[in-house]
file my_file.txt (compact mmCIF, C-alpha atoms and all ligand atoms)
# COMPACT_ATOMS: atom_id res chain seq x y z
CA MET A 25 0.00 0.00 0.00
CA LEU A 26 2.72 2.56 0.87
CA GLN A 27 5.90 1.06 -0.64
CA ASN A 28 5.36 2.26 -4.21
CA ALA A 29 2.67 4.79 -3.40
CA ARG A 30 2.37 8.43 -4.36
CA ILE A 31 1.46 10.01 -1.04
CA MET A 32 0.06 13.45 -0.28
CA VAL A 33 0.76 14.74 3.21
CA THR A 34 -0.98 17.99 4.11
CA GLY A 35 0.50 20.12 6.86
CA GLY A 36 3.80 18.32 6.42
CA CYS A 37 5.88 21.24 7.72
CA GLY A 38 4.13 21.06 11.09
CA PHE A 39 5.00 18.93 14.08
CA ILE A 40 3.37 15.56 13.46
CA GLY A 41 3.32 15.94 9.67
CA SER A 42 7.08 16.50 9.44
CA ASN A 43 7.80 13.56 11.72
CA PHE A 44 5.52 11.45 9.54
CA ILE A 45 7.21 12.47 6.26
CA LEU A 46 10.61 11.55 7.73
CA HIS A 47 9.11 8.23 8.84
CA LEU A 48 7.74 7.50 5.32
CA LEU A 49 10.94 8.38 3.48
CA ASP A 50 12.95 6.33 5.93
CA ARG A 51 10.74 3.28 5.76
CA TYR A 52 9.58 3.15 2.13
CA GLN A 53 12.43 3.39 -0.35
CA SER A 54 10.20 3.75 -3.40
CA CYS A 55 7.41 5.95 -2.14
CA ARG A 56 6.94 9.51 -3.33
CA VAL A 57 5.68 12.26 -1.03
CA VAL A 58 4.14 15.59 -1.91
CA ASN A 59 3.76 17.94 1.03
CA LEU A 60 1.02 20.59 0.75
CA ASP A 61 1.56 23.14 3.51
CA LYS A 62 0.32 26.69 3.93
CA LEU A 63 3.31 27.61 6.12
CA THR A 64 1.36 29.15 8.98
CA TYR A 65 3.00 30.29 12.21
CA ALA A 66 2.99 26.66 13.45
CA SER A 67 4.98 25.19 10.58
CA ASN A 68 8.63 25.50 9.79
CA PRO A 69 10.26 24.52 6.49
CA ALA A 70 13.45 23.76 8.44
CA ASN A 71 11.60 20.76 9.88
CA LEU A 72 12.27 18.99 6.58
CA ARG A 73 15.63 20.43 5.63
CA ASP A 74 17.19 16.94 5.82
CA VAL A 75 15.06 15.70 2.92
CA GLU A 76 14.97 18.84 0.77
CA GLY A 77 17.24 17.32 -1.89
CA ASP A 78 15.55 13.91 -1.85
CA PRO A 79 14.12 13.23 -5.34
CA ARG A 80 11.21 11.33 -3.73
CA TYR A 81 10.08 14.47 -1.89
CA GLN A 82 8.25 17.50 -3.27
CA PHE A 83 7.06 20.59 -1.40
CA GLN A 84 4.07 22.63 -2.53
CA GLN A 85 3.17 25.74 -0.57
CA GLY A 86 -0.60 26.15 -0.46
CA ASP A 87 -3.83 26.04 1.49
CA ILE A 88 -6.05 22.94 1.69
CA CYS A 89 -8.99 25.34 1.13
CA ASP A 90 -7.58 26.17 -2.34
CA VAL A 91 -9.68 23.99 -4.66
CA ASP A 92 -7.40 24.42 -7.69
CA ILE A 93 -4.17 23.36 -5.98
CA VAL A 94 -5.87 20.50 -4.16
CA LYS A 95 -7.48 19.13 -7.35
CA GLN A 96 -4.23 19.38 -9.25
CA LEU A 97 -2.27 17.44 -6.62
CA MET A 98 -5.06 14.94 -6.00
CA ALA A 99 -4.88 13.80 -9.65
CA ASN A 100 -1.46 12.28 -9.02
CA VAL A 101 -1.63 10.59 -5.62
CA ASP A 102 -2.76 7.22 -4.28
CA VAL A 103 -2.89 7.95 -0.57
CA VAL A 104 -3.71 11.11 1.42
CA PHE A 105 -2.83 11.88 5.05
CA ASN A 106 -4.51 15.05 6.27
CA PHE A 107 -2.48 16.65 9.07
CA ALA A 108 -3.22 20.25 8.05
CA ALA A 109 -5.09 21.87 10.92
CA GLU A 110 -5.23 24.70 13.38
CA THR A 111 -4.68 22.82 16.63
CA HIS A 112 -4.12 25.00 19.67
CA VAL A 113 -7.07 25.16 22.08
CA ASP A 114 -5.97 28.48 23.64
CA ARG A 115 -5.79 30.15 20.23
CA SER A 116 -9.22 28.75 19.32
CA LEU A 117 -10.58 30.45 22.45
CA MET A 118 -9.22 33.78 21.15
CA GLU A 119 -10.32 33.36 17.52
CA ALA A 120 -12.01 30.31 16.03
CA GLY A 121 -12.63 31.42 12.42
CA SER A 122 -9.33 30.06 11.08
CA PHE A 123 -10.09 26.72 12.77
CA ILE A 124 -13.40 26.43 10.95
CA LEU A 125 -11.78 27.34 7.65
CA THR A 126 -8.88 24.89 7.81
CA ASP A 127 -10.26 22.04 9.92
CA VAL A 128 -13.78 22.00 8.49
CA LEU A 129 -13.80 23.66 5.05
CA GLY A 130 -10.25 22.50 4.22
CA THR A 131 -11.13 18.90 5.06
CA HIS A 132 -14.22 19.21 2.87
CA VAL A 133 -12.15 20.51 -0.09
CA LEU A 134 -9.75 17.56 0.24
CA LEU A 135 -12.57 15.01 0.48
CA ASP A 136 -14.42 16.49 -2.46
CA ALA A 137 -11.30 16.39 -4.64
CA ALA A 138 -10.52 12.84 -3.53
CA ARG A 139 -13.99 11.64 -4.47
CA SER A 140 -13.58 12.67 -8.10
CA HIS A 141 -10.17 10.97 -8.33
CA PRO A 142 -10.55 7.17 -8.18
CA ASN A 143 -6.75 6.87 -8.04
CA VAL A 144 -7.06 7.82 -4.34
CA ARG A 145 -7.34 4.48 -2.57
CA ARG A 146 -6.84 5.63 1.01
CA PHE A 147 -7.67 8.91 2.82
CA VAL A 148 -6.44 9.12 6.41
CA GLN A 149 -7.94 11.92 8.49
CA VAL A 150 -5.63 12.67 11.41
CA SER A 151 -7.96 13.71 14.21
CA THR A 152 -7.84 13.96 17.99
CA ASP A 153 -9.20 12.40 21.15
CA GLU A 154 -10.50 15.87 22.08
CA VAL A 155 -13.59 15.31 19.91
CA TYR A 156 -14.95 12.96 22.61
CA GLY A 157 -14.78 15.73 25.21
CA GLU A 158 -13.60 15.19 28.76
CA MET A 159 -13.74 11.68 30.22
CA PRO A 160 -14.67 11.00 33.86
CA PRO A 161 -12.04 9.14 35.92
CA GLY A 162 -11.75 5.50 34.89
CA VAL A 163 -13.66 5.97 31.61
CA TYR A 164 -11.99 5.50 28.21
CA ALA A 165 -13.60 6.73 25.00
CA LYS A 166 -14.41 4.08 22.41
CA GLU A 167 -14.64 4.79 18.69
CA THR A 168 -18.40 4.23 18.81
CA ASP A 169 -18.95 6.87 21.53
CA PRO A 170 -20.89 10.04 20.73
CA LEU A 171 -18.82 13.20 20.27
CA HIS A 172 -18.90 15.99 22.86
CA PRO A 173 -16.34 18.55 21.71
CA ARG A 174 -16.08 21.31 24.31
CA SER A 175 -13.56 23.75 22.82
CA PRO A 176 -13.83 25.60 19.50
CA TYR A 177 -10.78 23.60 18.36
CA ALA A 178 -12.33 20.24 19.27
CA ALA A 179 -15.59 21.28 17.59
CA SER A 180 -13.73 22.12 14.37
CA LYS A 181 -12.05 18.69 14.33
CA ALA A 182 -15.38 16.99 15.05
CA GLY A 183 -16.78 18.85 12.01
CA GLY A 184 -13.96 17.46 9.85
CA ASP A 185 -14.53 13.93 11.18
CA ALA A 186 -18.26 14.12 10.51
CA GLN A 187 -17.62 15.01 6.88
CA CYS A 188 -15.19 12.12 6.50
CA ILE A 189 -17.88 9.72 7.69
CA ALA A 190 -20.42 11.35 5.37
CA PHE A 191 -18.10 10.94 2.36
CA PHE A 192 -17.56 7.28 3.21
CA GLU A 193 -21.28 6.62 3.62
CA SER A 194 -22.39 8.70 0.63
CA TYR A 195 -19.69 8.00 -1.94
CA GLY A 196 -17.75 5.03 -0.58
CA LEU A 197 -14.59 7.14 -0.28
CA PRO A 198 -11.98 4.91 1.43
CA VAL A 199 -11.60 7.10 4.50
CA ILE A 200 -10.06 6.16 7.84
CA ILE A 201 -10.17 8.48 10.87
CA THR A 202 -7.57 8.32 13.63
CA ARG A 203 -8.05 9.99 17.02
CA ALA A 204 -4.78 10.36 18.88
CA ALA A 205 -3.88 11.45 22.37
CA ASN A 206 -1.55 14.41 23.13
CA ASN A 207 1.63 14.07 21.10
CA ILE A 208 5.11 15.05 22.27
CA GLY A 209 8.49 14.88 20.57
CA PRO A 210 10.83 16.91 18.36
CA ARG A 211 9.64 20.01 16.46
CA GLN A 212 6.37 20.75 18.26
CA HIS A 213 5.56 24.47 18.39
CA VAL A 214 6.44 25.95 21.78
CA GLU A 215 2.83 27.05 22.42
CA LYS A 216 1.88 23.54 23.62
CA LEU A 217 2.30 22.43 27.23
CA VAL A 218 5.42 20.25 27.08
CA PRO A 219 7.57 22.33 24.70
CA LEU A 220 6.42 25.53 26.45
CA PHE A 221 7.45 24.17 29.83
CA VAL A 222 10.74 22.67 28.60
CA THR A 223 11.84 25.84 26.81
CA SER A 224 10.61 28.08 29.65
CA ALA A 225 12.63 26.02 32.13
CA LEU A 226 15.70 26.20 29.89
CA ARG A 227 15.23 30.01 29.81
CA ASP A 228 14.67 30.17 33.61
CA GLN A 229 11.17 31.53 33.00
CA PRO A 230 8.04 30.54 34.98
CA LEU A 231 5.91 27.53 33.97
CA PRO A 232 2.25 28.71 33.83
CA LEU A 233 0.15 25.83 35.13
CA TYR A 234 -3.59 26.31 34.55
CA GLY A 235 -6.04 25.90 37.44
CA ASP A 236 -5.10 23.24 39.97
CA GLY A 237 -2.78 21.44 37.53
CA ARG A 238 -4.61 18.18 38.11
CA GLN A 239 -5.89 17.79 34.54
CA VAL A 240 -4.89 14.51 32.94
CA ARG A 241 -3.57 13.89 29.44
CA ASP A 242 -2.22 10.73 27.79
CA TRP A 243 1.28 11.48 26.46
CA LEU A 244 1.99 9.76 23.14
CA TYR A 245 5.47 9.93 21.61
CA VAL A 246 5.21 11.22 18.05
CA ASP A 247 7.15 8.24 16.61
CA ASP A 248 4.57 5.88 18.10
CA HIS A 249 1.83 7.97 16.48
CA CYS A 250 3.62 7.77 13.10
CA ARG A 251 3.85 3.98 13.34
CA ALA A 252 0.13 3.81 14.15
CA LEU A 253 -0.81 5.95 11.12
CA ASP A 254 1.38 3.82 8.87
CA LEU A 255 -0.32 0.68 10.19
CA VAL A 256 -3.92 1.85 9.87
CA ALA A 257 -3.32 3.09 6.32
CA ARG A 258 -2.17 -0.42 5.38
CA GLU A 259 -4.27 -2.67 7.61
CA GLY A 260 -7.26 -0.59 8.67
CA GLN A 261 -10.77 -0.83 7.26
CA SER A 262 -12.33 1.94 5.21
CA GLY A 263 -15.04 3.84 7.08
CA GLU A 264 -13.53 2.93 10.45
CA ILE A 265 -12.18 5.06 13.28
CA TYR A 266 -9.07 4.12 15.28
CA ASN A 267 -8.16 5.63 18.64
CA ILE A 268 -4.43 6.04 19.31
CA GLY A 269 -3.52 6.19 22.99
CA ALA A 270 -0.31 5.23 24.79
CA ASP A 271 -1.81 4.81 28.28
CA ASN A 272 0.77 7.30 29.57
CA HIS A 273 -1.75 9.18 31.72
CA GLU A 274 -0.24 11.95 33.84
CA GLU A 275 -1.48 15.06 35.62
CA ASN A 276 -0.07 18.34 34.29
CA ILE A 277 1.58 19.08 37.64
CA ARG A 278 3.49 15.78 37.41
CA VAL A 279 4.53 16.65 33.85
CA ALA A 280 5.85 20.01 35.03
CA GLU A 281 7.77 18.44 37.92
CA ALA A 282 9.26 15.74 35.69
CA ILE A 283 10.44 18.35 33.17
CA LEU A 284 12.11 20.44 35.85
CA ARG A 285 13.86 17.39 37.27
CA LEU A 286 15.14 16.42 33.81
CA VAL A 287 16.55 19.88 33.05
CA GLU A 288 17.76 20.28 36.66
CA LYS A 289 15.85 23.48 37.41
CA PRO A 290 13.99 24.35 40.64
CA LEU A 291 10.33 23.40 41.15
CA SER A 292 9.78 27.00 42.24
CA LEU A 293 9.57 27.89 38.53
CA ILE A 294 6.04 26.42 38.55
CA ARG A 295 3.34 29.11 38.78
CA TYR A 296 -0.35 28.32 39.27
CA VAL A 297 -2.29 30.66 36.97
CA GLU A 298 -5.90 31.39 35.99
CA ASP A 299 -7.50 28.36 34.35
CA ARG A 300 -8.37 27.91 30.67
CA LYS A 301 -12.05 28.52 29.82
CA GLY A 302 -14.00 25.24 29.59
CA HIS A 303 -10.81 23.33 30.43
CA ASP A 304 -11.30 19.61 29.75
CA ARG A 305 -10.30 17.75 32.90
CA ARG A 306 -9.23 14.47 31.37
CA TYR A 307 -8.81 12.84 27.96
CA ALA A 308 -8.49 9.09 27.70
CA VAL A 309 -9.13 6.67 24.86
CA ASP A 310 -9.48 2.93 24.57
CA SER A 311 -7.12 1.94 21.76
CA SER A 312 -7.72 -1.82 21.83
CA LYS A 313 -9.05 -1.70 18.24
CA LEU A 314 -5.69 -0.37 17.01
CA ARG A 315 -3.76 -2.76 19.25
CA ALA A 316 -5.66 -5.65 17.68
CA LEU A 317 -3.98 -4.68 14.39
CA GLY A 318 -0.61 -5.25 16.08
CA TRP A 319 0.38 -1.76 17.34
CA LEU A 320 1.99 -1.15 20.71
CA PRO A 321 3.57 2.11 21.86
CA GLN A 322 7.33 1.82 22.34
CA HIS A 323 7.66 4.80 24.68
CA ASP A 324 6.34 5.08 28.20
CA PHE A 325 5.81 8.53 29.70
CA LEU A 326 9.37 9.01 30.94
CA SER A 327 11.04 7.81 27.77
CA ALA A 328 8.73 10.03 25.65
CA LEU A 329 9.50 13.00 27.88
CA GLU A 330 13.24 12.31 27.93
CA GLY A 331 13.38 12.13 24.12
CA THR A 332 11.50 15.41 23.90
CA VAL A 333 13.57 17.23 26.53
CA ARG A 334 16.81 16.03 24.91
CA TRP A 335 15.76 17.39 21.52
CA TYR A 336 14.76 20.85 22.85
CA SER A 337 17.94 21.03 24.95
CA GLU A 338 20.03 20.38 21.83
CA SER A 339 17.93 22.47 19.41
CA ARG A 340 17.95 26.01 20.68
CA TRP A 341 18.60 27.10 17.07
CA TRP A 342 15.10 25.80 16.27
CA TRP A 343 13.03 27.37 19.05
CA GLU A 344 14.89 30.53 20.12
CA PRO A 345 13.82 32.41 16.96
CA ILE A 346 10.18 31.62 17.79
CA TYR A 347 10.46 33.53 21.07
CA ALA A 348 12.04 36.45 19.18
CA GLY A 349 9.16 36.64 16.65
CA PRO A 350 5.35 37.17 16.70
CA PHE A 351 5.01 34.51 19.42
CA ARG A 352 6.15 37.20 21.87
CA ASP A 353 2.86 39.08 21.41
CA TYR A 354 0.82 35.89 21.77
CA TYR A 355 2.77 34.97 24.92
CA GLU A 356 2.13 38.38 26.42
CA ARG A 357 -1.63 38.22 25.68
CA GLN A 358 -1.94 34.65 26.92
CA TYR A 359 0.33 34.76 29.96
CA GLY A 360 1.22 38.39 30.88
CA GLN A 361 -1.70 39.06 33.22
CA ARG A 362 -1.96 35.44 34.32
CA LEU A 363 1.66 35.26 35.47
CA ALA A 364 1.45 38.64 37.18
CA SER A 365 -1.37 37.32 39.38
CA GLY A 366 -0.08 33.72 39.54
CA VAL A 367 0.46 31.73 42.74
CA PRO A 368 3.91 30.26 43.47
CA TYR A 369 4.31 26.50 43.64
CA GLU A 370 5.40 26.60 47.30
CA ALA A 371 2.28 28.55 48.32
CA LYS A 372 0.13 25.58 47.28
CA GLY A 373 2.19 23.12 49.23
CA GLY A 374 4.42 22.01 46.35
CA ALA A 375 4.29 18.41 45.22
CA SER A 376 1.74 17.40 47.85
CA ALA A 377 -0.78 20.13 46.87
P1 LIG B 1 -2.11 21.65 25.42
O1 LIG B 1 -0.67 21.32 25.17
O2 LIG B 1 -2.61 22.98 24.99
O3 LIG B 1 -2.95 20.46 24.80
P2 LIG B 1 -4.57 20.17 24.89
O4 LIG B 1 -5.23 21.25 25.65
O5 LIG B 1 -4.96 20.18 23.47
O6 LIG B 1 -4.67 18.83 25.57
O7 LIG B 1 -2.39 21.52 26.99
C1 LIG B 1 -2.17 20.31 27.66
C2 LIG B 1 -2.63 20.49 29.09
O8 LIG B 1 -1.79 21.45 29.71
C3 LIG B 1 -4.04 21.03 29.22
O9 LIG B 1 -4.65 20.44 30.36
C4 LIG B 1 -3.84 22.51 29.44
C5 LIG B 1 -2.54 22.56 30.21
N1 LIG B 1 -1.71 23.77 29.99
C6 LIG B 1 -1.24 24.50 31.09
O10 LIG B 1 -1.51 24.17 32.27
N2 LIG B 1 -0.48 25.60 30.84
C7 LIG B 1 -0.16 26.01 29.59
O11 LIG B 1 0.52 27.06 29.43
C8 LIG B 1 -0.63 25.24 28.48
C9 LIG B 1 -0.31 25.65 27.07
C10 LIG B 1 -1.41 24.13 28.74
call {"tool": "encode", "arguments": {"input": "my_file.txt", "output": "C-alpha cells", "more": "lines below"}}
Ligand code: TYD
result
Amino acid sequence: MLQNARIMVTGGCGFIGSNFILHLLDRYQSCRVVNLDKLTYASNPANLRDVEGDPRYQFQQGDICDVDIVKQLMANVDVVFNFAAETHVDRSLMEAGSFILTDVLGTHVLLDAARSHPNVRRFVQVSTDEVYGEMPPGVYAKETDPLHPRSPYAASKAGGDAQCIAFFESYGLPVIITRAANNIGPRQHVEKLVPLFVTSALRDQPLPLYGDGRQVRDWLYVDDHCRALDLVAREGQSGEIYNIGADNHEENIRVAEAILRLVEKPLSLIRYVEDRKGHDRRYAVDSSKLRALGWLPQHDFLSALEGTVRWYSESRWWWEPIYAGPFRDYYERQYGQRLASGVPYEAKGGASA
C-alpha cells in the first residue's frame, strides 16, 4: 500500500506531519511524497531540511482550502494523510474562524477532490481524542462513543470527522479516521504544554500551570503515532475510526515536575495561573481496536518526555527564533496578566498540593 505509493501529506511542515514524512521516506524506499503546507505560524520549512534534496520528496506551498491546488495534486496521488489543521485550544478560544476554515472547510475541499479521483485508494484523516470531550475518571472513549467537543478547536475537528464519515457513507470514499492522544516529541511548536514548559525552564522563565494542575492527558510519543498511522493506512478498514492512545496518563503538575527534574531546574519555577475557559479535565481513549492490528507504543511517559527534553535542549537554534518573533505578542496576551497574578508552587504546598 505505501511502498510504491504516491502520497500526499498535508500540513507536512508542522510537528506531526514533518515527523511522519521523515518516517515515510525512511521506511519506504520507493514511495513519493508531496507535502502541501500553507506555512502558517505553526509550521517551519526547516523541519524537513534533511530531505529537501531527496528526489522522492516535493514541497508545494498552499492552502487545503484552495480547490485548484488540491485538485491538481489529487490527480497524481494514491494515498492522502490530512495533518493540516489549526490545533491549539488556547488560540481557538481567542479566535475560532481560522479553525473552521482549515479544519472543516479544508477537510471538505480535500474530500471532495478525492472523491472525483478514483486513483485515491486511502484517505487518512488525522484527528484527535478531544472530539470525545472530557472523560470522567476510569472511563476511556471508544470509537463508537458520541462526540462531545467542548472547545472551538475540538468542535472544528469533530466537524472534519463528521464530513469524512459522510463521504464514506455517501460515496464510498476509502476514508479512515484516527483519534490520537496528546503528542510530544521533536519540532512541536512551543505554544503547547510540554515544549512551552521545557523551553521556559531552559530560559529560567516561569511555567504557567492552569487551574489546579490536576488535569490529565495521555502522552503519546510522536514516533509511536507515526507507526500507528502507517499501520492503519495499510491494515485498517475503510469507514472505520481508530483511537491512538499510549496509556501514559499523567497530571499536568506531574509533567511540570518531571520536566524540571530532567533539566535540573527548581520546582519554584512552577506558577499556578488562571484556568483555561472550559478546560477539559481528562482525555483518555481505549485503543484496543488499534492494538488488535498489532500496534503497541514503544515509549512510556518518561522515555517520551526524555526524548522530547533532549531534543529541545540540543535544538535552541530551532526554538529561540520563535520567542524572538510574533510569538512574543501571543505569549504576552496569553500569559502576561496570568503570570502577574499567579500563585507560586510553594504557596500551594508544592508536590503534595
Ligand atoms: P495543550 O498542550 O494545549 O494540549 P490540549 O489542551 O490540546 O490537551 O495543553 C495540555 C494540558 O496542559 C491542558 O490540560 C492545558 C494545560 N496547559 C497549562 O496548564 N499551561 C499552559 O501554558 C498550556 C499551554 C497548557
call {"tool": "residues_around", "arguments": {"input": "my_file.txt", "residues": "A:Asn206", "least_positions_apart": "5", "cutoff": "6 Å", "atoms": "all atoms listed in the file", "output": "list in words"}}
result
Asp242, Trp243 and Leu244 of chain A
call {"tool": "residues_near_ligand", "arguments": {"input": "my_file.txt", "ligand": "ligand LIG 1 (chain B)", "cutoff": "6 Å", "atoms": "all atoms listed in the file", "output": "PyMOL selection string"}}
result
chain A and resi 112-113+206+215-217+232-234+239+276
call {"tool": "atom_distance", "arguments": {"input": "my_file.txt", "atom1": "atom CA of A:Trp343", "atom2": "atom CA of A:Leu231"}}
result
16.5 Å
call {"tool": "closest_atom_pairs", "arguments": {"input": "my_file.txt", "of": "stretch 258-285 of chain A", "to": "stretch 128-152 of chain A", "cutoff": "12 Å", "atoms": "all atoms listed in the file", "output": "tab-separated table"}}
result
residue	atom	partner	partner_atom	distance
A:Arg258	CA	A:Arg146	CA	8.8
A:Glu259	CA	A:Arg146	CA	10.9
A:Gly260	CA	A:Arg146	CA	9.9
A:Gln261	CA	A:Arg146	CA	9.8
A:Ser262	CA	A:Arg146	CA	7.8
A:Gly263	CA	A:Phe147	CA	9.9
A:Glu264	CA	A:Val148	CA	10.2
A:Ile265	CA	A:Gln149	CA	9.4
A:Tyr266	CA	A:Ser151	CA	9.7
A:Asn267	CA	A:Thr152	CA	8.4
A:Ile268	CA	A:Thr152	CA	8.7
A:Gly269	CA	A:Thr152	CA	10.2
call {"tool": "atom_distance", "arguments": {"input": "my_file.txt", "atom1": "atom CA of A:Arg211", "atom2": "atom CA of A:Pro321"}}
result
19.7 Å
call {"tool": "residues_near_point", "arguments": {"input": "my_file.txt", "point": "(-16.2, 10.7, 32.3)", "cutoff": "12 Å", "atoms": "all atoms listed in the file", "output": "list in words"}}
result
Tyr156, Gly157, Glu158, Met159, Pro160, Pro161, Gly162, Val163, Tyr164, Ala165, Asp169, His172, Val240, Asp304, Arg305, Arg306, Tyr307, Ala308 and Val309 of chain A
call {"tool": "closest_residue", "arguments": {"input": "my_file.txt", "among": "A:Ala190, A:Ala29, A:Leu125, A:Val367", "to": "A:Leu49", "atoms": "only C-alpha atoms"}}
result
A:Ala29
call {"tool": "atom_distance", "arguments": {"input": "my_file.txt", "atom1": "atom CA of A:Arg278", "atom2": "atom CA of A:Ile294"}}
result
11.0 Å
call {"tool": "residues_around", "arguments": {"input": "my_file.txt", "residues": "A:Ser180", "least_positions_apart": "2", "cutoff": "8 Å", "atoms": "all atoms listed in the file", "output": "list in words"}}
result
Phe123, Ile124, Asp127, Val128, Pro176, Tyr177, Ala178, Ala182, Gly183 and Gly184 of chain A
call {"tool": "residues_around", "arguments": {"input": "my_file.txt", "residues": "A:Asn100", "least_positions_apart": "2", "cutoff": "9 Å", "atoms": "all atoms listed in the file", "output": "PyMOL selection string"}}
result
chain A and resi 30-32+96-98+102+141+143-144
call {"tool": "closest_residue", "arguments": {"input": "my_file.txt", "among": "A:Pro368, A:Ala348, A:Thr332, A:Pro69", "to": "A:Asp247", "atoms": "all atoms listed in the file"}}
result
A:Thr332
call {"tool": "closest_residue", "arguments": {"input": "my_file.txt", "among": "A:Leu197, A:Cys188, A:Leu171, A:Cys55", "to": "A:Asn106", "atoms": "all atoms listed in the file"}}
result
A:Cys188
call {"tool": "closest_residue", "arguments": {"input": "my_file.txt", "among": "A:Gln322, A:Ser67, A:Ser224, A:Ser312", "to": "A:Asn272", "atoms": "all atoms listed in the file"}}
result
A:Gln322
call {"tool": "residues_around", "arguments": {"input": "my_file.txt", "residues": "A:Lys289", "least_positions_apart": "4", "cutoff": "10 Å", "atoms": "only C-alpha atoms", "output": "list of chain:residue names"}}
result
A:Ala225, A:Leu226, A:Asp228, A:Glu281, A:Ile283, A:Leu284, A:Arg285, A:Leu293
call {"tool": "residues_around", "arguments": {"input": "my_file.txt", "residues": "A:Pro350", "least_positions_apart": "5", "cutoff": "12 Å", "atoms": "only C-alpha atoms", "output": "ChimeraX atom specification"}}
result
/A:64-66,215,345,355-357
